file entry23.cif (mmCIF, C-alpha atoms)
data_coords
#
loop_
_atom_site.label_atom_id
_atom_site.label_comp_id
_atom_site.auth_asym_id
_atom_site.auth_seq_id
_atom_site.Cartn_x
_atom_site.Cartn_y
_atom_site.Cartn_z
CA MET A 1 23.85 -2.76 21.57
CA GLN A 2 24.36 0.70 20.06
CA ALA A 3 25.54 -0.82 16.76
CA GLU A 4 22.51 -3.12 16.68
CA THR A 5 20.18 -0.15 17.27
CA LEU A 6 21.83 1.72 14.41
CA CYS A 7 21.28 -1.32 12.15
CA TYR A 8 17.57 -1.26 12.96
CA ARG A 9 17.40 2.45 12.14
CA VAL A 10 19.21 2.02 8.84
CA ALA A 11 16.99 -0.96 7.94
CA VAL A 12 13.84 1.10 8.61
CA ILE A 13 14.94 3.99 6.42
CA SER A 14 16.11 1.54 3.74
CA LEU A 15 12.61 0.06 3.45
CA VAL A 16 11.08 3.52 3.25
CA ALA A 17 13.60 4.58 0.60
CA LEU A 18 13.08 1.40 -1.44
CA LEU A 19 9.31 1.78 -1.53
CA SER A 20 9.61 5.49 -2.30
CA ILE A 21 11.88 4.77 -5.27
CA ILE A 22 9.47 2.15 -6.62
CA LYS A 23 6.52 4.54 -6.32
CA ILE A 24 8.38 7.44 -7.92
CA LEU A 25 9.55 5.33 -10.85
CA TYR A 26 6.06 4.06 -11.65
CA ILE A 27 4.49 7.51 -11.24
CA LEU A 28 7.07 8.94 -13.64
CA LYS A 29 6.41 6.08 -16.04
CA ALA A 30 2.66 6.72 -15.87
CA THR A 31 3.00 10.45 -16.46
CA GLY A 32 5.46 9.84 -19.28
CA GLY A 33 3.05 7.41 -20.89
CA GLY A 34 0.34 9.96 -21.51
CA HIS A 35 -1.32 10.31 -18.12
CA THR A 36 -1.42 13.76 -16.63
CA ILE A 37 -1.34 14.38 -12.92
CA ARG A 38 -4.34 16.54 -12.17
CA PRO A 39 -6.65 16.86 -9.20
CA GLY A 40 -8.48 13.54 -9.20
CA ASP A 41 -9.58 13.59 -5.58
CA ASP A 42 -11.49 16.06 -3.47
CA ALA A 43 -9.82 18.37 -0.95
CA VAL A 44 -10.32 15.94 1.95
CA ASP A 45 -8.72 13.05 0.06
CA ALA A 46 -5.86 15.26 -1.08
CA SER A 47 -5.26 16.44 2.50
CA LEU A 48 -5.31 12.88 3.83
CA ALA A 49 -2.89 11.76 1.11
CA VAL A 50 -0.46 14.55 2.03
CA LEU A 51 -0.74 13.63 5.71
CA VAL A 52 -0.07 9.95 4.93
CA LEU A 53 3.04 10.95 2.99
CA MET A 54 4.27 13.24 5.78
CA LEU A 55 3.83 10.51 8.41
CA TRP A 56 5.25 7.84 6.12
CA LEU A 57 8.47 9.80 5.57
CA GLY A 58 8.63 11.89 8.73
CA CYS A 59 8.26 9.25 11.45
CA PRO A 60 11.03 6.97 10.11
CA LEU A 61 13.31 10.01 9.68
CA ILE A 62 12.70 11.02 13.30
CA TYR A 63 13.39 7.41 14.34
CA LEU A 64 16.65 7.48 12.35
CA LEU A 65 17.95 10.92 13.39
CA PHE A 66 16.21 11.80 16.66
CA SER A 67 15.13 8.49 18.18
CA GLN A 68 15.63 9.93 21.68
CA TRP A 69 12.53 12.04 21.08
CA ILE A 70 10.27 9.02 20.73
CA THR A 71 11.74 6.50 23.19
CA TRP A 72 8.49 6.78 25.16
CA ALA A 73 6.73 4.94 22.30
CA SER A 74 9.26 2.07 22.24
CA PHE A 75 8.47 -1.48 23.27
CA TYR A 76 10.48 -4.68 23.47
CA LEU A 77 10.65 -7.26 20.70
CA PRO A 78 13.27 -10.00 20.40
CA PRO A 79 15.81 -9.45 17.59
CA TRP A 80 14.48 -12.35 15.50
CA VAL A 81 11.04 -10.72 15.41
CA ARG A 82 12.50 -7.36 14.44
CA TRP A 83 14.60 -8.80 11.62
CA GLY A 84 11.59 -10.86 10.59
CA GLY A 85 9.89 -7.49 10.17
CA PHE A 86 12.62 -6.49 7.74
CA GLY A 87 11.94 -9.65 5.72
CA LEU A 88 8.24 -8.85 5.77
CA GLY A 89 9.06 -5.36 4.49
CA LEU A 90 10.94 -6.85 1.54
CA VAL A 91 7.88 -8.98 0.78
CA GLY A 92 5.76 -5.84 0.89
CA THR A 93 8.02 -3.92 -1.49
CA PHE A 94 8.03 -6.90 -3.86
CA LEU A 95 4.22 -6.93 -3.78
CA THR A 96 4.21 -3.21 -4.58
CA ALA A 97 6.54 -3.65 -7.56
CA TRP A 98 4.70 -6.77 -8.77
CA SER A 99 1.35 -4.99 -8.60
CA HIS A 100 2.62 -1.96 -10.50
CA HIS A 101 4.29 -4.17 -13.11
CA THR A 102 1.07 -6.16 -13.56
CA LEU A 103 -0.98 -2.98 -13.99
CA GLY A 104 1.44 -1.61 -16.58
CA ARG A 105 -0.15 1.23 -18.53
CA ASN A 106 -3.35 0.86 -16.49
CA PHE A 107 -1.74 2.54 -13.49
CA SER A 108 -2.74 6.14 -12.84
CA PRO A 109 -1.68 8.34 -9.91
CA VAL A 110 -5.22 9.76 -9.68
CA LEU A 111 -8.75 8.38 -9.89
CA GLU A 112 -9.36 8.15 -13.61
CA ILE A 113 -10.22 5.60 -16.29
CA ASP A 114 -9.66 6.24 -19.96
CA ARG A 115 -10.14 4.27 -23.17
CA ARG A 116 -6.72 2.63 -22.92
CA HIS A 117 -7.46 1.01 -19.57
CA THR A 118 -8.27 -2.67 -19.38
CA LEU A 119 -9.53 -4.87 -16.56
CA VAL A 120 -6.47 -6.52 -14.99
CA LEU A 121 -7.16 -9.96 -13.52
CA ASP A 122 -3.71 -11.55 -13.31
CA GLY A 123 -0.69 -11.26 -11.02
CA PRO A 124 -1.70 -10.33 -7.45
CA TYR A 125 -5.02 -9.04 -8.84
CA ARG A 126 -6.14 -12.67 -9.07
CA TRP A 127 -6.66 -12.61 -5.29
CA VAL A 128 -7.20 -8.99 -4.22
CA ARG A 129 -8.56 -5.93 -5.97
CA HIS A 130 -6.18 -3.43 -4.38
CA PRO A 131 -2.81 -5.14 -3.80
CA ILE A 132 -0.88 -1.85 -3.92
CA TYR A 133 -2.85 -0.53 -0.95
CA ALA A 134 -2.45 -3.89 0.81
CA SER A 135 1.32 -3.79 0.28
CA ILE A 136 1.54 -0.45 2.09
CA TYR A 137 -0.10 -2.03 5.14
CA VAL A 138 2.35 -4.93 4.96
CA ILE A 139 5.25 -2.48 4.99
CA ASP A 140 3.73 -0.41 7.80
CA LEU A 141 3.52 -3.58 9.90
CA ALA A 142 7.12 -4.37 8.94
CA LEU A 143 8.25 -0.91 10.07
CA LEU A 144 6.46 -1.34 13.40
CA LEU A 145 8.16 -4.68 14.04
CA LEU A 146 11.57 -3.53 12.88
CA SER A 147 11.56 -0.29 14.85
CA ALA A 148 9.71 -1.64 17.90
CA ASN A 149 8.17 1.80 18.17
CA PHE A 150 4.46 2.63 17.99
CA LEU A 151 5.14 5.87 16.10
CA VAL A 152 6.78 4.15 13.11
CA GLY A 153 4.12 2.59 10.91
CA PRO A 154 0.80 2.81 12.81
CA PRO A 155 0.18 6.58 12.39
CA SER A 156 0.49 6.48 8.61
CA ALA A 157 -1.51 3.22 8.50
CA ALA A 158 -4.33 4.82 10.51
CA VAL A 159 -4.60 7.87 8.24
CA LEU A 160 -4.32 5.64 5.17
CA GLY A 161 -7.30 3.70 6.50
CA LEU A 162 -9.35 6.90 6.59
CA LEU A 163 -8.25 7.75 3.06
CA LEU A 164 -9.06 4.31 1.67
CA ALA A 165 -12.47 4.25 3.37
CA ARG A 166 -13.31 7.22 1.16
CA ARG A 167 -11.30 6.33 -1.93
CA ILE A 168 -11.96 2.62 -2.51
CA PRO A 169 -15.76 2.91 -2.91
CA ARG A 170 -15.33 5.70 -5.46
CA GLU A 171 -12.58 3.83 -7.26
CA GLU A 172 -14.71 0.70 -7.50
CA ALA A 173 -17.71 2.72 -8.67
CA LEU A 174 -15.54 3.96 -11.55
CA MET A 175 -14.53 0.39 -12.35
CA VAL A 176 -18.13 -0.83 -12.33
CA ASN A 177 -19.10 2.05 -14.58
CA ALA A 178 -16.29 1.19 -17.00
CA PHE A 179 -16.39 -2.62 -16.96
CA GLY A 180 -19.91 -3.44 -15.77
CA ASP A 181 -20.76 -7.05 -14.96
CA ALA A 182 -17.18 -8.21 -15.50
CA TYR A 183 -16.02 -6.10 -12.57
CA ARG A 184 -19.04 -7.02 -10.44
CA ALA A 185 -18.19 -10.71 -10.92
CA TYR A 186 -14.55 -9.96 -10.09
CA MET A 187 -15.63 -8.25 -6.84
CA LYS A 188 -17.61 -11.34 -5.83
CA ARG A 189 -14.63 -13.66 -6.07
CA THR A 190 -11.91 -11.40 -4.62
CA GLY A 191 -11.33 -9.40 -1.47
CA ALA A 192 -10.55 -5.69 -1.43
CA LEU A 193 -7.29 -5.87 0.54
CA LEU A 194 -7.12 -9.51 1.66
CA PRO A 195 -7.83 -12.67 -0.36
CA ARG A 196 -11.40 -13.85 0.00
CA PRO A 197 -11.66 -17.20 1.85
CA ARG A 198 -11.79 -19.96 -0.74
CA GLY A 199 -15.06 -21.40 0.52
CA GLU A 200 -16.72 -18.00 0.37
CA SER A 201 -15.45 -17.45 -3.17
CA SER A 202 -16.79 -20.85 -4.29
CA LYS A 203 -20.13 -20.06 -2.67
CA SER A 204 -20.33 -16.84 -4.70
CA GLU A 205 -19.63 -18.80 -7.88
CA ASP A 206 -22.38 -21.30 -7.04
CA THR A 207 -24.84 -18.48 -6.31
CA ARG A 208 -24.20 -16.94 -9.71
CA ARG A 209 -24.90 -20.28 -11.39
#
call {"tool": "encode", "arguments": {"input": "entry23.cif", "output": "structure tokens"}}
result
Amino acid sequence: MQAETLCYRVAVISLVALLSIIKILYILKATGGGHTIRPGDDAVDASLAVLVLMLWLGCPLIYLLFSQWITWASFYLPPWVRWGGFGLGLVGTFLTAWSHHTLGRNFSPVLEIDRRHTLVLDGPYRWVRHPIYASIYVIDLALLLLSANFLVGPPSAAVLGLLLARRIPREEALMVNAFGDAYRAYMKRTGALLPRPRGESSKSEDTRR
């Protein structure tokens, strides 16, 4: 039982490490490609982003090294569900990498659009407008299932929700300003974080006709 618990802990930290490596590599690639990291968000957004990062890294580390501190937040899940969470986490990290790869030089660590940016409509962006954000929620759910602990995943997901409630409208306003009707049409046929139901998407197309 102790060995199995250790496997869960190592699997949790492995998912966190894998996603962190992916994010760092693409941020370095973006900054090396001409983007400069500068304050692109207000103080509230910046504070929320730091808090998300602290919870994202800190809670899994506590679960790995000091799990006895948070046993009160544990709950039971059968092993197949917990390891299914690990598989879900791999899907989430793949979605993160796929989204970044699809964006290519259009990715920026801050809210900005410059002359080199283009409207990306392929890859996972065919179905959702913010697949990178969606992938973080997938991984947070995976961490919750894998750890079977309410403090691993949900806290960072909750703060991320507050951040995205502020950030997504401003991000999409920038996109509308840059790409106009093309982006408005794209918004009508896609969901922000989840794919739009097919019938609803078709209805939007018919309305535009």
call {"tool": "resolve_selection", "arguments": {"input": "entry23.cif", "expression": "the PyMOL selection byres ((chain A and resi 132) around 9)", "output": "list in words"}}
result
Leu95, Thr96, Ala97, Trp98, Ser99, His100, Arg129, His130, Pro131, Tyr133, Ala134, Ser135, Ile136 and Leu193 of chain A
call {"tool": "residues_around", "arguments": {"input": "entry23.cif", "residues": "segment 173-185 of chain A", "least_positions_apart": "6", "cutoff": "8 Å", "atoms": "only C-alpha atoms", "output": "list in words"}}
result
Glu112, Ile113 and Leu119 of chain A
call {"tool": "closest_residue", "arguments": {"input": "entry23.cif", "among": "A:Phe75, A:Tyr186, A:Ile139, A:Gln2", "to": "Asp122 of chain A", "atoms": "all atoms listed in the file"}}
result
A:Tyr186
call {"tool": "closest_residue", "arguments": {"input": "entry23.cif", "among": "A:Leu164, A:Met187, A:Leu103, A:Ala49", "to": "Gly123 of chain A", "atoms": "all atoms listed in the file"}}
result
A:Leu103
call {"tool": "closest_residue", "arguments": {"input": "entry23.cif", "among": "A:Val138, A:Val120, A:Ile13, A:Ile62", "to": "Gly89 of chain A", "atoms": "all atoms listed in the file"}}
result
A:Val138
call {"tool": "resolve_selection", "arguments": {"input": "entry23.cif", "expression": "the PyMOL selection byres ((chain A and resi 144) around 10)", "output": "short mmCIF file (atom, residue, chain, number, x, y, z; two decimals) with C-alpha atoms, keeping the file's coordinate frame"}}
result
data_model
loop_
_atom_site.label_atom_id
_atom_site.label_comp_id
_atom_site.auth_asym_id
_atom_site.auth_seq_id
_atom_site.Cartn_x
_atom_site.Cartn_y
_atom_site.Cartn_z
CA VAL A 12 13.84 1.10 8.61
CA SER A 74 9.26 2.07 22.24
CA ARG A 82 12.50 -7.36 14.44
CA GLY A 85 9.89 -7.49 10.17
CA PHE A 86 12.62 -6.49 7.74
CA ILE A 139 5.25 -2.48 4.99
CA ASP A 140 3.73 -0.41 7.80
CA LEU A 141 3.52 -3.58 9.90
CA ALA A 142 7.12 -4.37 8.94
CA LEU A 143 8.25 -0.91 10.07
CA LEU A 145 8.16 -4.68 14.04
CA LEU A 146 11.57 -3.53 12.88
CA SER A 147 11.56 -0.29 14.85
CA ALA A 148 9.71 -1.64 17.90
CA ASN A 149 8.17 1.80 18.17
CA PHE A 150 4.46 2.63 17.99
CA LEU A 151 5.14 5.87 16.10
CA VAL A 152 6.78 4.15 13.11
CA GLY A 153 4.12 2.59 10.91
CA PRO A 154 0.80 2.81 12.81
#
call {"tool": "atom_distance", "arguments": {"input": "entry23.cif", "atom1": "atom CA of Ala17 of chain A", "atom2": "atom CA of Leu77 of chain A"}}
result
23.5 Å
call {"tool": "atom_distance", "arguments": {"input": "entry23.cif", "atom1": "atom CA of Pro124 of chain A", "atom2": "atom CA of Ser20 of chain A"}}
result
20.1 Å
call {"tool": "resolve_selection", "arguments": {"input": "entry23.cif", "expression": "the PyMOL selection byres ((chain A and resi 194) around 8)", "output": "ChimeraX atom specification"}}
result
/A:127-128,134,191-193,195-196
call {"tool": "atom_distance", "arguments": {"input": "entry23.cif", "atom1": "atom CA of Ala11 of chain A", "atom2": "atom CA of Leu65 of chain A"}}
result
13.1 Å
call {"tool": "closest_residue", "arguments": {"input": "entry23.cif", "among": "A:Tyr137, A:Phe66, A:Trp83, A:Phe107", "to": "Leu25 of chain A", "atoms": "all atoms listed in the file"}}
result
A:Phe107
call {"tool": "closest_residue", "arguments": {"input": "entry23.cif", "among": "A:Leu64, A:Ala158, A:Leu163, A:Val91", "to": "Cys7 of chain A", "atoms": "all atoms listed in the file"}}
result
A:Leu64
